[in-house]
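**Q** One file is attached below, input-v1.cif, containing mmCIF, C-alpha atoms.
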```cif
data_target
loop_
_atom_site.label_atom_id
_atom_site.label_comp_id
_atom_site.auth_asym_id
_atom_site.auth_seq_id
_atom_site.Cartn_x
_atom_site.Cartn_y
_atom_site.Cartn_z
CA MET A 202 0.00 0.00 0.00
CA PRO A 203 1.40 3.45 -0.89
CA THR A 204 2.83 5.52 1.95
CA ARG A 205 0.38 8.36 1.26
CA GLN A 206 -2.53 5.97 1.58
CA ASN A 207 -1.18 4.75 4.90
CA PHE A 208 -0.89 8.34 6.11
CA ASP A 209 -4.43 9.19 4.99
CA ASN A 210 -5.72 6.14 6.84
CA ASP A 211 -3.84 7.22 9.97
CA LEU A 212 -5.38 10.68 9.77
CA GLU A 213 -8.86 9.19 9.45
CA GLU A 214 -8.19 6.95 12.42
CA LEU A 215 -7.03 9.98 14.40
CA LYS A 216 -10.20 11.85 13.55
CA SER A 217 -12.34 8.85 14.52
CA ASN A 218 -10.58 8.48 17.86
CA ILE A 219 -11.05 12.16 18.67
CA PHE A 220 -14.73 11.90 17.78
CA ASN A 221 -15.10 8.89 20.09
CA LEU A 222 -13.27 10.73 22.86
CA GLY A 223 -15.69 13.62 22.48
CA LYS A 224 -18.73 11.35 22.68
CA MET A 225 -17.29 9.74 25.79
CA VAL A 226 -16.70 13.10 27.45
CA LYS A 227 -20.19 14.33 26.57
CA GLN A 228 -21.71 11.24 28.19
CA ARG A 229 -19.67 11.81 31.33
CA ILE A 230 -20.82 15.42 31.58
CA CYS A 231 -24.41 14.19 31.34
CA LEU A 232 -23.91 11.48 33.95
CA ALA A 233 -21.99 13.73 36.34
CA THR A 234 -24.81 16.27 36.22
CA GLU A 235 -27.34 13.51 36.73
CA SER A 236 -25.43 12.24 39.76
CA LEU A 237 -25.44 15.74 41.29
CA VAL A 238 -29.11 16.48 40.66
CA ASN A 239 -30.29 13.06 41.83
CA GLN A 240 -27.66 12.81 44.58
CA ASP A 241 -26.68 9.45 43.14
CA LEU A 242 -23.50 8.62 45.02
CA GLU A 243 -23.01 5.27 43.30
CA LEU A 244 -23.11 6.87 39.87
CA ALA A 245 -20.71 9.56 41.03
CA GLU A 246 -18.25 6.96 42.31
CA THR A 247 -18.43 5.13 38.98
CA ILE A 248 -17.62 8.30 37.05
CA VAL A 249 -14.60 8.98 39.26
CA MET A 250 -13.32 5.41 39.02
CA ARG A 251 -13.60 5.30 35.22
CA ASP A 252 -11.68 8.50 34.60
CA LEU A 253 -8.74 6.45 33.37
CA VAL A 254 -10.75 5.37 30.31
CA VAL A 255 -10.80 8.95 29.04
CA ASN A 256 -7.18 9.52 30.02
CA ASP A 257 -6.03 6.36 28.25
CA LEU A 258 -7.80 7.25 25.01
CA GLN A 259 -6.35 10.77 25.06
CA ALA A 260 -2.89 9.33 25.74
CA SER A 261 -3.31 6.99 22.77
CA ILE A 262 -4.27 9.93 20.55
CA GLU A 263 -1.28 11.91 21.79
CA LYS A 264 1.05 9.01 21.06
CA LYS A 265 -0.40 8.67 17.56
CA CYS A 266 0.08 12.37 16.85
CA ILE A 267 3.70 12.29 17.98
CA LEU A 268 4.34 9.21 15.84
CA LEU A 269 2.82 10.87 12.77
CA LEU A 270 4.90 14.01 13.28
CA ALA A 271 8.07 11.97 13.68
CA THR A 272 7.59 9.51 10.83
CA GLN A 273 5.58 11.45 8.24
CA GLN A 274 6.90 14.98 8.80
CA PRO A 275 3.63 16.50 7.55
CA PHE A 276 3.38 20.12 6.44
CA ALA A 277 0.68 22.65 5.59
CA TYR A 278 -2.83 21.15 5.75
CA ASP A 279 -1.64 17.72 6.92
CA LEU A 280 0.36 19.30 9.73
CA ARG A 281 -2.67 21.30 10.83
CA LYS A 282 -4.72 18.10 11.00
CA VAL A 283 -2.28 16.53 13.41
CA VAL A 284 -1.66 19.62 15.53
CA ALA A 285 -5.33 20.59 15.78
CA GLY A 286 -6.33 17.01 16.53
CA PHE A 287 -3.76 16.79 19.31
CA LYS A 288 -4.90 20.03 20.95
CA ILE A 289 -8.59 19.15 20.63
CA SER A 290 -7.93 15.85 22.41
CA ILE A 291 -6.29 17.76 25.27
CA PHE A 292 -9.27 20.10 25.64
CA LEU A 293 -11.67 17.15 25.64
CA GLU A 294 -9.60 15.33 28.26
CA ARG A 295 -9.68 18.42 30.48
CA MET A 296 -13.46 18.54 30.12
CA GLY A 297 -13.49 14.91 31.19
CA ASP A 298 -11.49 15.88 34.28
CA LEU A 299 -14.04 18.58 35.08
CA SER A 300 -16.86 16.05 34.82
CA VAL A 301 -15.00 13.96 37.42
CA ASP A 302 -14.69 17.07 39.61
CA LEU A 303 -18.45 17.54 39.22
CA ALA A 304 -19.08 13.96 40.33
CA LYS A 305 -16.83 14.49 43.35
CA LEU A 306 -19.09 17.36 44.43
CA THR A 307 -21.97 14.88 44.47
CA ILE A 308 -19.98 12.76 46.90
CA ARG A 309 -19.11 15.75 49.09
CA ILE A 310 -22.72 16.93 49.32
CA GLY A 311 -23.88 13.37 49.96
CA GLN A 312 -27.50 13.00 51.01
CA GLU A 313 -27.77 16.47 52.51
CA LYS A 314 -31.00 18.11 51.39
CA LEU A 315 -30.36 20.37 48.41
CA ASN A 316 -31.05 24.05 48.97
CA ASP A 317 -31.68 24.54 45.27
CA PRO A 318 -33.45 22.39 42.62
CA LEU A 319 -30.39 22.86 40.37
CA VAL A 320 -32.48 23.94 37.39
CA ASP A 321 -29.79 26.38 36.30
CA ILE A 322 -27.06 23.75 36.59
CA LEU A 323 -29.18 21.43 34.44
CA SER A 324 -29.55 24.22 31.86
CA MET A 325 -25.82 24.90 31.85
CA SER A 326 -25.02 21.22 31.48
CA ALA A 327 -27.48 20.81 28.60
CA LEU A 328 -25.91 23.78 26.85
CA VAL A 329 -22.39 22.40 27.30
CA GLN A 330 -23.48 19.03 25.93
CA GLU A 331 -25.02 20.73 22.89
CA MET A 332 -21.78 22.65 22.35
CA VAL A 333 -19.78 19.42 22.45
CA THR A 334 -22.12 17.81 19.91
CA LEU A 335 -21.82 20.78 17.55
CA ALA A 336 -18.06 20.94 18.06
CA LEU A 337 -17.62 17.29 17.09
CA LYS A 338 -19.80 17.74 14.01
CA ALA A 339 -17.86 20.85 12.98
CA TYR A 340 -14.57 19.01 13.52
CA ILE A 341 -15.56 16.03 11.41
CA GLN A 342 -16.83 18.30 8.63
CA GLU A 343 -14.01 20.83 9.13
CA ASP A 344 -16.68 23.52 9.17
CA SER A 345 -15.15 26.71 10.59
CA LYS A 346 -18.40 28.69 10.30
CA ALA A 347 -20.28 26.13 12.38
CA ALA A 348 -17.43 26.11 14.88
CA VAL A 349 -17.59 29.88 15.32
CA GLU A 350 -21.36 29.76 15.74
CA MET A 351 -20.94 27.09 18.40
CA ALA A 352 -18.37 29.20 20.24
CA GLN A 353 -20.83 32.09 20.40
CA MET A 354 -23.08 29.91 22.56
CA ASP A 355 -20.53 30.38 25.32
CA HIS A 356 -21.93 33.87 25.89
CA LYS A 357 -25.24 32.33 26.94
CA LEU A 358 -23.41 29.93 29.22
CA ASP A 359 -21.50 32.81 30.82
CA LYS A 360 -24.77 34.65 31.41
CA LEU A 361 -26.33 31.61 33.11
CA TYR A 362 -23.23 31.29 35.27
CA SER A 363 -23.36 34.95 36.32
CA LEU A 364 -27.05 34.76 37.22
CA TYR A 365 -26.63 31.56 39.21
CA TYR A 366 -23.55 32.92 40.96
CA GLY A 367 -25.48 36.01 41.96
CA GLY A 368 -28.40 33.99 43.28
CA LEU A 369 -26.19 31.75 45.39
CA SER A 370 -24.31 34.76 46.74
CA VAL A 371 -27.58 36.24 47.97
CA LEU A 372 -28.56 32.89 49.49
CA MET A 373 -25.28 32.64 51.42
CA HIS A 374 -25.64 36.21 52.67
CA GLU A 375 -29.19 35.62 53.90
CA ASP A 376 -28.53 32.23 55.51
CA PRO A 377 -24.92 31.46 56.56
CA THR A 378 -25.89 27.86 57.39
CA LYS A 379 -26.25 27.24 53.66
CA VAL A 380 -22.77 28.48 52.81
CA PRO A 381 -20.97 25.07 52.63
CA GLN A 382 -23.40 23.52 50.14
CA ALA A 383 -23.75 26.75 48.20
CA ASN A 384 -19.98 26.82 47.76
CA TYR A 385 -20.09 23.32 46.28
CA LEU A 386 -22.80 24.42 43.86
CA LEU A 387 -20.73 27.46 42.90
CA PHE A 388 -17.90 25.11 42.03
CA ALA A 389 -20.33 22.99 39.97
CA CYS A 390 -21.45 25.90 37.81
CA ARG A 391 -17.86 27.09 37.54
CA PHE A 392 -16.80 23.68 36.21
CA LEU A 393 -19.55 23.82 33.58
CA GLU A 394 -18.62 27.38 32.62
CA ARG A 395 -15.01 26.25 32.18
CA MET A 396 -16.17 23.44 29.91
CA GLY A 397 -17.75 26.07 27.69
CA ASP A 398 -14.38 27.81 27.46
CA TYR A 399 -12.78 24.55 26.33
CA CYS A 400 -15.47 24.16 23.67
CA THR A 401 -14.51 27.64 22.44
CA ASN A 402 -10.88 26.55 22.35
CA ILE A 403 -11.90 23.56 20.24
CA ALA A 404 -13.69 25.92 17.86
CA GLU A 405 -10.47 27.91 17.46
CA GLU A 406 -8.62 24.73 16.50
CA ILE A 407 -11.27 23.88 13.91
CA VAL A 408 -10.87 27.33 12.35
CA TYR A 409 -7.10 26.81 12.31
CA LEU A 410 -7.52 23.36 10.77
CA SER A 411 -9.74 24.53 7.95
CA SER A 412 -8.14 27.89 7.18
CA GLY A 413 -4.66 27.96 8.70
CA ASN A 414 -5.59 31.13 10.60
CA ARG A 415 -5.37 31.56 14.36
CA VAL A 416 -8.36 33.35 15.88
CA ASP A 417 -9.37 34.31 19.41
CA LEU A 418 -13.00 33.40 20.06
CA ASN A 419 -12.80 33.86 23.84
CA THR A 420 -14.06 37.41 23.69
#
```
So that I can check it, write out the structure of this file as structure tokens.
**A**
Amino acid sequence: MPTRQNFDNDLEELKSNIFNLGKMVKQRICLATESLVNQDLELAETIVMRDLVVNDLQASIEKKCILLLATQQPFAYDLRKVVAGFKISIFLERMGDLSVDLAKLTIRIGQEKLNDPLVDILSMSALVQEMVTLALKAYIQEDSKAAVEMAQMDHKLDKLYSLYYGGLSVLMHEDPTKVPQANYLLFACRFLERMGDYCTNIAEEIVYLSSGNRVDLNT
């Protein structure tokens, strides 16, 4: 088989692995949120224990990227495919870490009665999951316009975060006994807000992949 064909197959495999990593991370965000809302400690423990699955897949992608750079010495568009793919895998892995952090909050809160129905956290999580879905689609199709549109959704996420932060701040001021749990919930919405930032970073890599231009979408 020609060397070029081998390289093309490797690039397709890289893209497939990144797509699978993204689906895995999206599922973990969903489950971590579910564990928090339902105070499902068993589910939370499972998410924490299985973090290595995400880490191992990202490490495999990283190893593949390094091998391709060393053996194929790609340039121009091919180089962008490898570099962008590598960075996207890192952002996804960090989102996976944040989903684990979210699950750990479930464990810390335990069975203590929730002071808030977590409607806003559910909304933030749903928005993050939608952003991941759109990011993966834009990556597979190398659609920079769709990636930029996805990144703009982060403004809505930031607004939800600010509103929820303000509400919890008022709650803590009015009732100091609710401060410990409220702090955990502040961390939860902060983790989700950070995931939105990583989605924006992924969008920047998609723009770079398709056009070769570096853009700053975190504005």
**Q** Pull out every residue that the PyMOL selection byres ((chain A and resi 333) around 12) matches in the shown coordinates and put them as a compact mmCIF listing (two decimals) with C-alpha atoms, keeping the file's coordinate frame.
**A**
```
# COMPACT_ATOMS: atom_id res chain seq x y z
CA ILE A 219 -11.05 12.16 18.67
CA PHE A 220 -14.73 11.90 17.78
CA ASN A 221 -15.10 8.89 20.09
CA LEU A 222 -13.27 10.73 22.86
CA GLY A 223 -15.69 13.62 22.48
CA LYS A 224 -18.73 11.35 22.68
CA MET A 225 -17.29 9.74 25.79
CA VAL A 226 -16.70 13.10 27.45
CA LYS A 227 -20.19 14.33 26.57
CA GLN A 228 -21.71 11.24 28.19
CA ARG A 229 -19.67 11.81 31.33
CA ILE A 230 -20.82 15.42 31.58
CA CYS A 231 -24.41 14.19 31.34
CA ILE A 289 -8.59 19.15 20.63
CA PHE A 292 -9.27 20.10 25.64
CA LEU A 293 -11.67 17.15 25.64
CA MET A 296 -13.46 18.54 30.12
CA GLY A 297 -13.49 14.91 31.19
CA SER A 326 -25.02 21.22 31.48
CA ALA A 327 -27.48 20.81 28.60
CA LEU A 328 -25.91 23.78 26.85
CA VAL A 329 -22.39 22.40 27.30
CA GLN A 330 -23.48 19.03 25.93
CA GLU A 331 -25.02 20.73 22.89
CA MET A 332 -21.78 22.65 22.35
CA THR A 334 -22.12 17.81 19.91
CA LEU A 335 -21.82 20.78 17.55
CA ALA A 336 -18.06 20.94 18.06
CA LEU A 337 -17.62 17.29 17.09
CA LYS A 338 -19.80 17.74 14.01
CA ALA A 339 -17.86 20.85 12.98
CA TYR A 340 -14.57 19.01 13.52
CA ALA A 348 -17.43 26.11 14.88
CA MET A 351 -20.94 27.09 18.40
CA ALA A 352 -18.37 29.20 20.24
CA MET A 354 -23.08 29.91 22.56
CA ASP A 355 -20.53 30.38 25.32
CA LEU A 393 -19.55 23.82 33.58
CA MET A 396 -16.17 23.44 29.91
CA GLY A 397 -17.75 26.07 27.69
CA ASP A 398 -14.38 27.81 27.46
CA TYR A 399 -12.78 24.55 26.33
CA CYS A 400 -15.47 24.16 23.67
CA THR A 401 -14.51 27.64 22.44
CA ASN A 402 -10.88 26.55 22.35
CA ILE A 403 -11.90 23.56 20.24
CA ALA A 404 -13.69 25.92 17.86
```
**Q** Choose the residue, out of A:Asn218, A:Ser300, A:Thr234, A:Asn207, that has the smallest atom-to-atom separation from Ser261 (chain A); count all atoms listed in the file.
**A**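 Ranked by minimum distance to Ser261 (chain A), first place goes to A:Asn218.
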**Q** Rounded to one decimal in Å, what is the spacing between CA of Ser345 (chain A) and CA of Leu299 (chain A)?
**A**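 That distance, rounded to one decimal, is 25.8 Å.
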**Q** Would you write out, as a list in words, every residue that the PyMOL selection byres ((chain A and resi 303-315) around 7) captures in this file?
**A**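 Taken on the displayed file, the PyMOL selection byres ((chain A and resi 303-315) around 7) yields the residues Ala233, Ser236, Leu237, Gln240, Leu242, Ala245, Ile248, Val249, Leu299, Ser300, Val301, Asp302, Asn316, Asp317, Pro318, Gln382, Tyr385 and Ala389 of chain A.
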**Q** What does the structure give for the distance between CA of Ser324 (chain A) and CA of Lys360 (chain A), in Å to one decimal?
**A**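 Those two atoms sit 11.5 Å apart.
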**Q** Which is closest to Asp344 (chain A) among A:Val408, A:Asn239, A:Val380, A:Lys265, if we use all atoms listed in the file?
**A**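 When distances to Asp344 (chain A) are compared using all atoms listed in the file, the smallest one comes from A:Val408.
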**Q** I'd like the neighbourhood of region 271-275 of chain A as a VMD selection string, where a residue qualifies if any of its atoms comes within 12 Å (using all atoms listed in the file), though same-chain residues fewer than 3 positions away should be ignored.
**A** chain A and resid 204 to 209 211 to 212 264 to 268 278 to 284
**Q** As JSON, please report the centre and edge lengths, rounded to one decimal in Å, of the axis-aligned box that holds all listed atoms of region 252-255 of chain A with 4 Å of padding on each of the six sides.
**A**
```
{"center_x": -10.2, "center_y": 7.2, "center_z": 31.8, "size_x": 10.9, "size_y": 11.6, "size_z": 13.6}
```
**Q** Hey, can you check how far CA of Phe287 (chain A) sits from CA of Asn210 (chain A)?
**A**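 Separation of CA of Phe287 (chain A) and CA of Asn210 (chain A): 16.5 Å.
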**Q** Just so the selection is clear, what residues does the PyMOL selection byres ((chain A and resi 416) around 10) cover here, as a list of chain:residue names?
**A** A:Val349, A:Asn402, A:Ala404, A:Glu405, A:Glu406, A:Val408, A:Tyr409, A:Gly413, A:Asn414, A:Arg415, A:Asp417, A:Leu418, A:Asn419
**Q** Could you pull the residues within 8 Å of Gln259 (chain A), counting all atoms listed in the file, minus those fewer than 4 positions along the same chain, as a count of residues only?
**A** 6
**Q** Quick one: residues within 10 Å of region 365-373 of chain A, all atoms listed in the file counted, chain neighbours fewer than 5 positions away excluded, as a list of chain:residue names?
**A**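 Within the cut-off, the hits are A:Asn316, A:Asp317, A:Leu319, A:Val320, A:Asp321, A:Ile322, A:Met325, A:Asp359, A:Lys360, A:Thr378, A:Lys379, A:Val380, A:Pro381, A:Gln382, A:Ala383, A:Asn384, A:Leu386, A:Leu387, A:Phe388, A:Cys390, A:Arg391.
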